[in-house]
$ cat final-v8.tsv   # TSV, N, CA and C atoms
chain	number	residue	atom	x	y	z
A	402	MET	N	231.22	297.55	66.75
A	402	MET	CA	230.25	297.17	65.73
A	402	MET	C	230.38	298.12	64.56
A	403	ASN	N	230.24	297.61	63.42
A	403	ASN	CA	230.30	298.35	62.17
A	403	ASN	C	229.20	299.41	62.14
A	404	ARG	N	229.53	300.62	61.72
A	404	ARG	CA	228.54	301.72	61.67
A	404	ARG	C	227.35	301.39	60.78
A	405	GLY	N	227.60	300.78	59.67
A	405	GLY	CA	226.53	300.42	58.73
A	405	GLY	C	225.57	299.41	59.33
A	406	LEU	N	226.12	298.42	60.04
A	406	LEU	CA	225.30	297.40	60.68
A	406	LEU	C	224.48	298.01	61.81
A	407	ALA	N	225.11	298.89	62.60
A	407	ALA	CA	224.41	299.56	63.69
A	407	ALA	C	223.26	300.41	63.16
A	408	LEU	N	223.51	301.08	62.06
A	408	LEU	CA	222.47	301.91	61.45
A	408	LEU	C	221.33	301.04	60.93
A	409	ALA	N	221.64	299.93	60.31
A	409	ALA	CA	220.61	299.01	59.79
A	409	ALA	C	219.77	298.46	60.92
A	410	ILE	N	220.40	298.07	62.03
A	410	ILE	CA	219.67	297.56	63.19
A	410	ILE	C	218.76	298.64	63.76
A	411	ALA	N	219.26	299.85	63.85
A	411	ALA	CA	218.46	300.96	64.38
A	411	ALA	C	217.24	301.21	63.49
A	412	ILE	N	217.42	301.14	62.19
A	412	ILE	CA	216.31	301.36	61.26
A	412	ILE	C	215.26	300.26	61.41
A	413	VAL	N	215.71	299.02	61.51
A	413	VAL	CA	214.77	297.90	61.67
A	413	VAL	C	214.01	298.04	62.98
A	414	LEU	N	214.69	298.34	64.07
A	414	LEU	CA	214.02	298.50	65.37
A	414	LEU	C	213.03	299.65	65.34
A	415	THR	N	213.39	300.74	64.70
A	415	THR	CA	212.48	301.88	64.60
A	415	THR	C	211.24	301.50	63.78
A	416	SER	N	211.44	300.74	62.71
A	416	SER	CA	210.31	300.30	61.88
A	416	SER	C	209.37	299.39	62.66
A	417	ILE	N	209.94	298.49	63.45
A	417	ILE	CA	209.12	297.58	64.25
A	417	ILE	C	208.33	298.36	65.29
A	418	GLN	N	208.99	299.28	65.97
A	418	GLN	CA	208.30	300.09	66.99
A	418	GLN	C	207.20	300.92	66.35
A	419	SER	N	207.45	301.46	65.19
A	419	SER	CA	206.44	302.25	64.49
A	419	SER	C	205.25	301.39	64.09
A	420	ALA	N	205.51	300.18	63.62
A	420	ALA	CA	204.42	299.28	63.21
A	420	ALA	C	203.56	298.88	64.40
A	421	ILE	N	204.19	298.69	65.55
A	421	ILE	CA	203.44	298.33	66.75
A	421	ILE	C	202.62	299.51	67.24
A	422	ALA	N	203.22	300.68	67.26
A	422	ALA	CA	202.53	301.87	67.76
A	422	ALA	C	201.45	302.37	66.80
A	423	HIS	N	201.66	302.15	65.52
A	423	HIS	CA	200.72	302.65	64.50
A	423	HIS	C	200.35	301.51	63.57
A	424	PRO	N	199.34	300.72	63.93
A	424	PRO	CA	198.95	299.61	63.05
A	424	PRO	C	198.47	300.13	61.70
A	425	PRO	N	198.53	299.30	60.67
A	425	PRO	CA	198.07	299.72	59.34
A	425	PRO	C	196.62	300.19	59.38
A	426	ILE	N	196.31	301.12	58.51
A	426	ILE	CA	194.97	301.71	58.46
A	426	ILE	C	193.91	300.63	58.26
A	427	ALA	N	194.18	299.66	57.42
A	427	ALA	CA	193.20	298.59	57.17
A	427	ALA	C	192.89	297.83	58.45
A	428	GLN	N	193.92	297.61	59.29
A	428	GLN	CA	193.71	296.90	60.54
A	428	GLN	C	192.85	297.74	61.49
A	429	VAL	N	193.10	299.03	61.54
A	429	VAL	CA	192.30	299.93	62.40
A	429	VAL	C	190.87	299.97	61.91
A	430	GLN	N	190.68	300.05	60.60
A	430	GLN	CA	189.32	300.08	60.05
A	430	GLN	C	188.58	298.78	60.34
A	431	GLN	N	189.28	297.65	60.25
A	431	GLN	CA	188.64	296.37	60.53
A	431	GLN	C	188.26	296.30	62.01
A	432	THR	N	189.12	296.81	62.88
A	432	THR	CA	188.82	296.84	64.31
A	432	THR	C	187.60	297.71	64.57
A	433	ASP	N	187.52	298.85	63.89
A	433	ASP	CA	186.36	299.74	64.03
A	433	ASP	C	185.09	299.05	63.54
A	434	ARG	N	185.18	298.32	62.44
A	434	ARG	CA	184.02	297.62	61.90
A	434	ARG	C	183.58	296.51	62.85
A	435	LYS	N	184.56	295.82	63.45
A	435	LYS	CA	184.24	294.76	64.41
A	435	LYS	C	183.52	295.37	65.61
A	436	ALA	N	183.97	296.52	66.08
A	436	ALA	CA	183.32	297.19	67.21
A	436	ALA	C	181.89	297.59	66.83
A	437	GLU	N	181.71	298.04	65.61
A	437	GLU	CA	180.36	298.41	65.13
A	437	GLU	C	179.46	297.18	65.08
A	438	ALA	N	179.99	296.06	64.60
A	438	ALA	CA	179.21	294.82	64.56
A	438	ALA	C	178.82	294.39	65.97
A	439	ASN	N	179.74	294.50	66.91
A	439	ASN	CA	179.44	294.14	68.30
A	439	ASN	C	178.37	295.04	68.89
A	440	ARG	N	178.42	296.33	68.56
A	440	ARG	CA	177.41	297.27	69.05
A	440	ARG	C	176.03	296.90	68.51
A	441	LEU	N	175.98	296.58	67.22
A	441	LEU	CA	174.70	296.18	66.61
A	441	LEU	C	174.20	294.87	67.19
A	442	LEU	N	175.10	293.96	67.45
A	442	LEU	CA	174.72	292.68	68.06
A	442	LEU	C	174.10	292.90	69.43
A	443	LYS	N	174.71	293.77	70.23
A	443	LYS	CA	174.18	294.07	71.57
A	443	LYS	C	172.82	294.76	71.49
A	444	GLN	N	172.68	295.68	70.54
A	444	GLN	CA	171.39	296.35	70.38
A	444	GLN	C	170.32	295.34	69.96
A	445	GLY	N	170.70	294.39	69.13
A	445	GLY	CA	169.78	293.34	68.75
A	445	GLY	C	169.34	292.52	69.95
A	446	PHE	N	170.28	292.19	70.83
A	446	PHE	CA	169.93	291.44	72.04
A	446	PHE	C	168.98	292.24	72.93
A	447	GLN	N	169.25	293.53	73.04
A	447	GLN	CA	168.38	294.38	73.86
A	447	GLN	C	166.96	294.37	73.28
A	448	SER	N	166.85	294.52	71.99
A	448	SER	CA	165.53	294.48	71.35
A	448	SER	C	164.88	293.12	71.54
A	449	TYR	N	165.66	292.07	71.39
A	449	TYR	CA	165.16	290.70	71.55
A	449	TYR	C	164.61	290.50	72.96
A	450	GLN	N	165.33	290.98	73.96
A	450	GLN	CA	164.90	290.83	75.35
A	450	GLN	C	163.63	291.62	75.64
A	451	GLU	N	163.38	292.66	74.86
A	451	GLU	CA	162.17	293.46	75.01
A	451	GLU	C	161.05	292.97	74.09
A	452	ASP	N	161.22	291.76	73.56
A	452	ASP	CA	160.24	291.14	72.65
A	452	ASP	C	160.00	291.96	71.39
A	453	GLN	N	160.99	292.71	70.98
A	453	GLN	CA	160.92	293.47	69.73
A	453	GLN	C	161.76	292.73	68.69
A	454	HIS	N	161.23	291.61	68.25
A	454	HIS	CA	161.99	290.72	67.39
A	454	HIS	C	162.29	291.30	66.02
A	455	GLU	N	161.37	292.06	65.46
A	455	GLU	CA	161.62	292.70	64.16
A	455	GLU	C	162.79	293.67	64.26
A	456	SER	N	162.83	294.43	65.33
A	456	SER	CA	163.94	295.36	65.55
A	456	SER	C	165.25	294.60	65.73
A	457	ALA	N	165.21	293.51	66.48
A	457	ALA	CA	166.40	292.69	66.69
A	457	ALA	C	166.92	292.18	65.35
A	458	ILE	N	166.03	291.76	64.49
A	458	ILE	CA	166.41	291.25	63.18
A	458	ILE	C	167.13	292.33	62.37
A	459	LYS	N	166.63	293.56	62.43
A	459	LYS	CA	167.27	294.66	61.70
A	459	LYS	C	168.70	294.89	62.18
A	460	TYR	N	168.88	294.89	63.50
A	460	TYR	CA	170.23	295.08	64.05
A	460	TYR	C	171.13	293.92	63.65
A	461	TRP	N	170.61	292.70	63.77
A	461	TRP	CA	171.43	291.54	63.47
A	461	TRP	C	171.73	291.42	61.97
A	462	ASP	N	170.81	291.85	61.12
A	462	ASP	CA	171.11	291.87	59.68
A	462	ASP	C	172.28	292.82	59.39
A	463	ALA	N	172.27	293.98	60.04
A	463	ALA	CA	173.36	294.94	59.85
A	463	ALA	C	174.68	294.37	60.38
A	464	ALA	N	174.62	293.71	61.53
A	464	ALA	CA	175.82	293.09	62.10
A	464	ALA	C	176.33	291.98	61.18
A	465	LEU	N	175.41	291.21	60.62
A	465	LEU	CA	175.79	290.13	59.71
A	465	LEU	C	176.53	290.67	58.49
A	466	LYS	N	176.05	291.75	57.96
A	466	LYS	CA	176.69	292.36	56.79
A	466	LYS	C	178.14	292.74	57.11
A	467	ILE	N	178.35	293.33	58.26
A	467	ILE	CA	179.70	293.73	58.65
A	467	ILE	C	180.58	292.51	58.88
A	468	CYS	N	180.05	291.51	59.56
A	468	CYS	CA	180.82	290.28	59.82
A	468	CYS	C	181.28	289.66	58.51
A	469	ARG	N	180.43	289.68	57.53
A	469	ARG	CA	180.79	289.11	56.22
A	469	ARG	C	181.83	289.98	55.52
A	470	GLU	N	181.70	291.31	55.65
A	470	GLU	CA	182.66	292.21	55.01
A	470	GLU	C	184.06	292.04	55.58
A	471	ILE	N	184.17	291.84	56.87
A	471	ILE	CA	185.49	291.74	57.50
A	471	ILE	C	185.98	290.29	57.62
A	472	GLY	N	185.14	289.34	57.21
A	472	GLY	CA	185.54	287.95	57.22
A	472	GLY	C	185.56	287.32	58.60
A	473	ASP	N	184.71	287.80	59.49
A	473	ASP	CA	184.63	287.25	60.85
A	473	ASP	C	183.62	286.11	60.87
A	474	ARG	N	184.09	284.91	60.49
A	474	ARG	CA	183.19	283.76	60.35
A	474	ARG	C	182.56	283.30	61.66
A	475	PRO	N	183.29	283.27	62.79
A	475	PRO	CA	182.65	282.85	64.05
A	475	PRO	C	181.49	283.78	64.44
A	476	SER	N	181.70	285.08	64.30
A	476	SER	CA	180.62	286.03	64.63
A	476	SER	C	179.48	285.91	63.64
A	477	GLU	N	179.81	285.66	62.38
A	477	GLU	CA	178.77	285.47	61.36
A	477	GLU	C	177.87	284.29	61.74
A	478	ALA	N	178.48	283.18	62.17
A	478	ALA	CA	177.70	282.01	62.58
A	478	ALA	C	176.82	282.33	63.78
A	479	PHE	N	177.35	283.08	64.72
A	479	PHE	CA	176.60	283.47	65.92
A	479	PHE	C	175.39	284.31	65.55
A	480	VAL	N	175.60	285.28	64.66
A	480	VAL	CA	174.51	286.16	64.22
A	480	VAL	C	173.45	285.37	63.45
A	481	LEU	N	173.90	284.47	62.59
A	481	LEU	CA	172.95	283.64	61.83
A	481	LEU	C	172.07	282.81	62.77
A	482	ASN	N	172.66	282.29	63.82
A	482	ASN	CA	171.89	281.53	64.80
A	482	ASN	C	170.82	282.43	65.45
A	483	ASN	N	171.21	283.64	65.84
A	483	ASN	CA	170.26	284.57	66.46
A	483	ASN	C	169.13	284.92	65.50
A	484	LEU	N	169.47	285.15	64.24
A	484	LEU	CA	168.45	285.45	63.25
A	484	LEU	C	167.47	284.29	63.10
A	485	GLY	N	167.99	283.07	63.07
A	485	GLY	CA	167.13	281.90	62.95
A	485	GLY	C	166.14	281.79	64.10
A	486	ILE	N	166.61	282.08	65.31
A	486	ILE	CA	165.74	282.04	66.49
A	486	ILE	C	164.66	283.11	66.39
A	487	ALA	N	165.06	284.32	66.02
A	487	ALA	CA	164.09	285.43	65.93
A	487	ALA	C	163.04	285.15	64.85
A	488	TYR	N	163.48	284.67	63.69
A	488	TYR	CA	162.53	284.35	62.62
A	488	TYR	C	161.58	283.23	63.06
A	489	THR	N	162.09	282.27	63.80
A	489	THR	CA	161.24	281.17	64.28
A	489	THR	C	160.19	281.70	65.25
A	490	LEU	N	160.58	282.59	66.15
A	490	LEU	CA	159.63	283.16	67.11
A	490	LEU	C	158.53	283.96	66.42
A	491	LEU	N	158.87	284.51	65.25
A	491	LEU	CA	157.88	285.28	64.48
A	491	LEU	C	157.13	284.40	63.48
A	492	SER	N	157.40	283.10	63.52
A	492	SER	CA	156.80	282.13	62.59
A	492	SER	C	157.09	282.49	61.13
A	493	ARG	N	158.24	283.07	60.90
A	493	ARG	CA	158.66	283.42	59.54
A	493	ARG	C	159.67	282.38	59.07
A	494	TYR	N	159.18	281.19	58.90
A	494	TYR	CA	160.04	280.06	58.58
A	494	TYR	C	160.73	280.21	57.23
A	495	ASP	N	160.05	280.84	56.29
A	495	ASP	CA	160.65	281.04	54.97
A	495	ASP	C	161.83	281.99	55.03
A	496	ALA	N	161.79	282.96	55.94
A	496	ALA	CA	162.85	283.97	56.04
A	496	ALA	C	164.12	283.43	56.69
A	497	ARG	N	163.99	282.33	57.42
A	497	ARG	CA	165.15	281.79	58.15
A	497	ARG	C	166.29	281.43	57.21
A	498	SER	N	165.99	280.96	56.04
A	498	SER	CA	167.04	280.49	55.14
A	498	SER	C	167.62	281.59	54.26
A	499	GLN	N	167.02	282.76	54.22
A	499	GLN	CA	167.51	283.83	53.36
A	499	GLN	C	168.95	284.25	53.69
A	500	PRO	N	169.30	284.49	54.96
A	500	PRO	CA	170.69	284.86	55.24
A	500	PRO	C	171.68	283.74	54.90
A	501	LEU	N	171.22	282.51	54.97
A	501	LEU	CA	172.09	281.37	54.67
A	501	LEU	C	172.38	281.25	53.17
A	502	ALA	N	171.52	281.81	52.36
A	502	ALA	CA	171.68	281.69	50.91
A	502	ALA	C	172.98	282.36	50.43
A	503	LYS	N	173.53	283.27	51.21
A	503	LYS	CA	174.72	284.00	50.80
A	503	LYS	C	176.01	283.33	51.28
A	504	LEU	N	175.90	282.16	51.87
A	504	LEU	CA	177.11	281.46	52.34
A	504	LEU	C	177.90	280.89	51.20
$ encode --input "final-v8.tsv" --output "structure tokens"
Amino acid sequence: MNRGLALAIAIVLTSIQSAIAHPPIAQVQQTDRKAEANRLLKQGFQSYQEDQHESAIKYWDAALKICREIGDRPSEAFVLNNLGIAYTLLSRYDARSQPLAKL
């Protein structure tokens, strides 16, 4: 095999291995933000189960903001549903549509 071709293949393989081992910073940050959104979502559920609906709303609002920042539409829809339920339980019907206004 030609030395130049062998060197080019080695460089490409090294680049691929490096990309797999070290994802881009933006991807790592998005993964971290997704983990933060999941943590807030779980805390909201815990508050919800303890009948602390106002607290659940605060957690879910924070999770919603992150979901929108990272473009996680399925999680955004899930959080919006939870917010609607919590607002309904608190008879805050006017507040239910506020998060939807930003769609």
$ residues_around --input "final-v8.tsv" --residues "range 434-440 of chain A" --least-positions-apart "6" --cutoff "8 Å" --atoms "all atoms listed in the file" --output "list in words"
Gln428, Phe446, Tyr460, Ala463, Ala464, Leu465, Lys466, Ile467, Cys468 and Ile471 of chain A
$ atom_distance --input "final-v8.tsv" --atom1 "CA of Arg474 in chain A" --atom2 "atom C of Arg493 in chain A"
23.6 Å
$ closest_residue --input "final-v8.tsv" --among "A:Glu455, A:Gln430, A:Lys443, A:Asp462" --to "Ala487 in chain A" --atoms "all atoms listed in the file"
A:Glu455
$ atom_distance --input "final-v8.tsv" --atom1 "CA of Pro475 in chain A" --atom2 "CA of Ser456 in chain A"
22.6 Å
$ atom_distance --input "final-v8.tsv" --atom1 "atom N of Trp461 in chain A" --atom2 "atom N of Leu441 in chain A"
7.5 Å
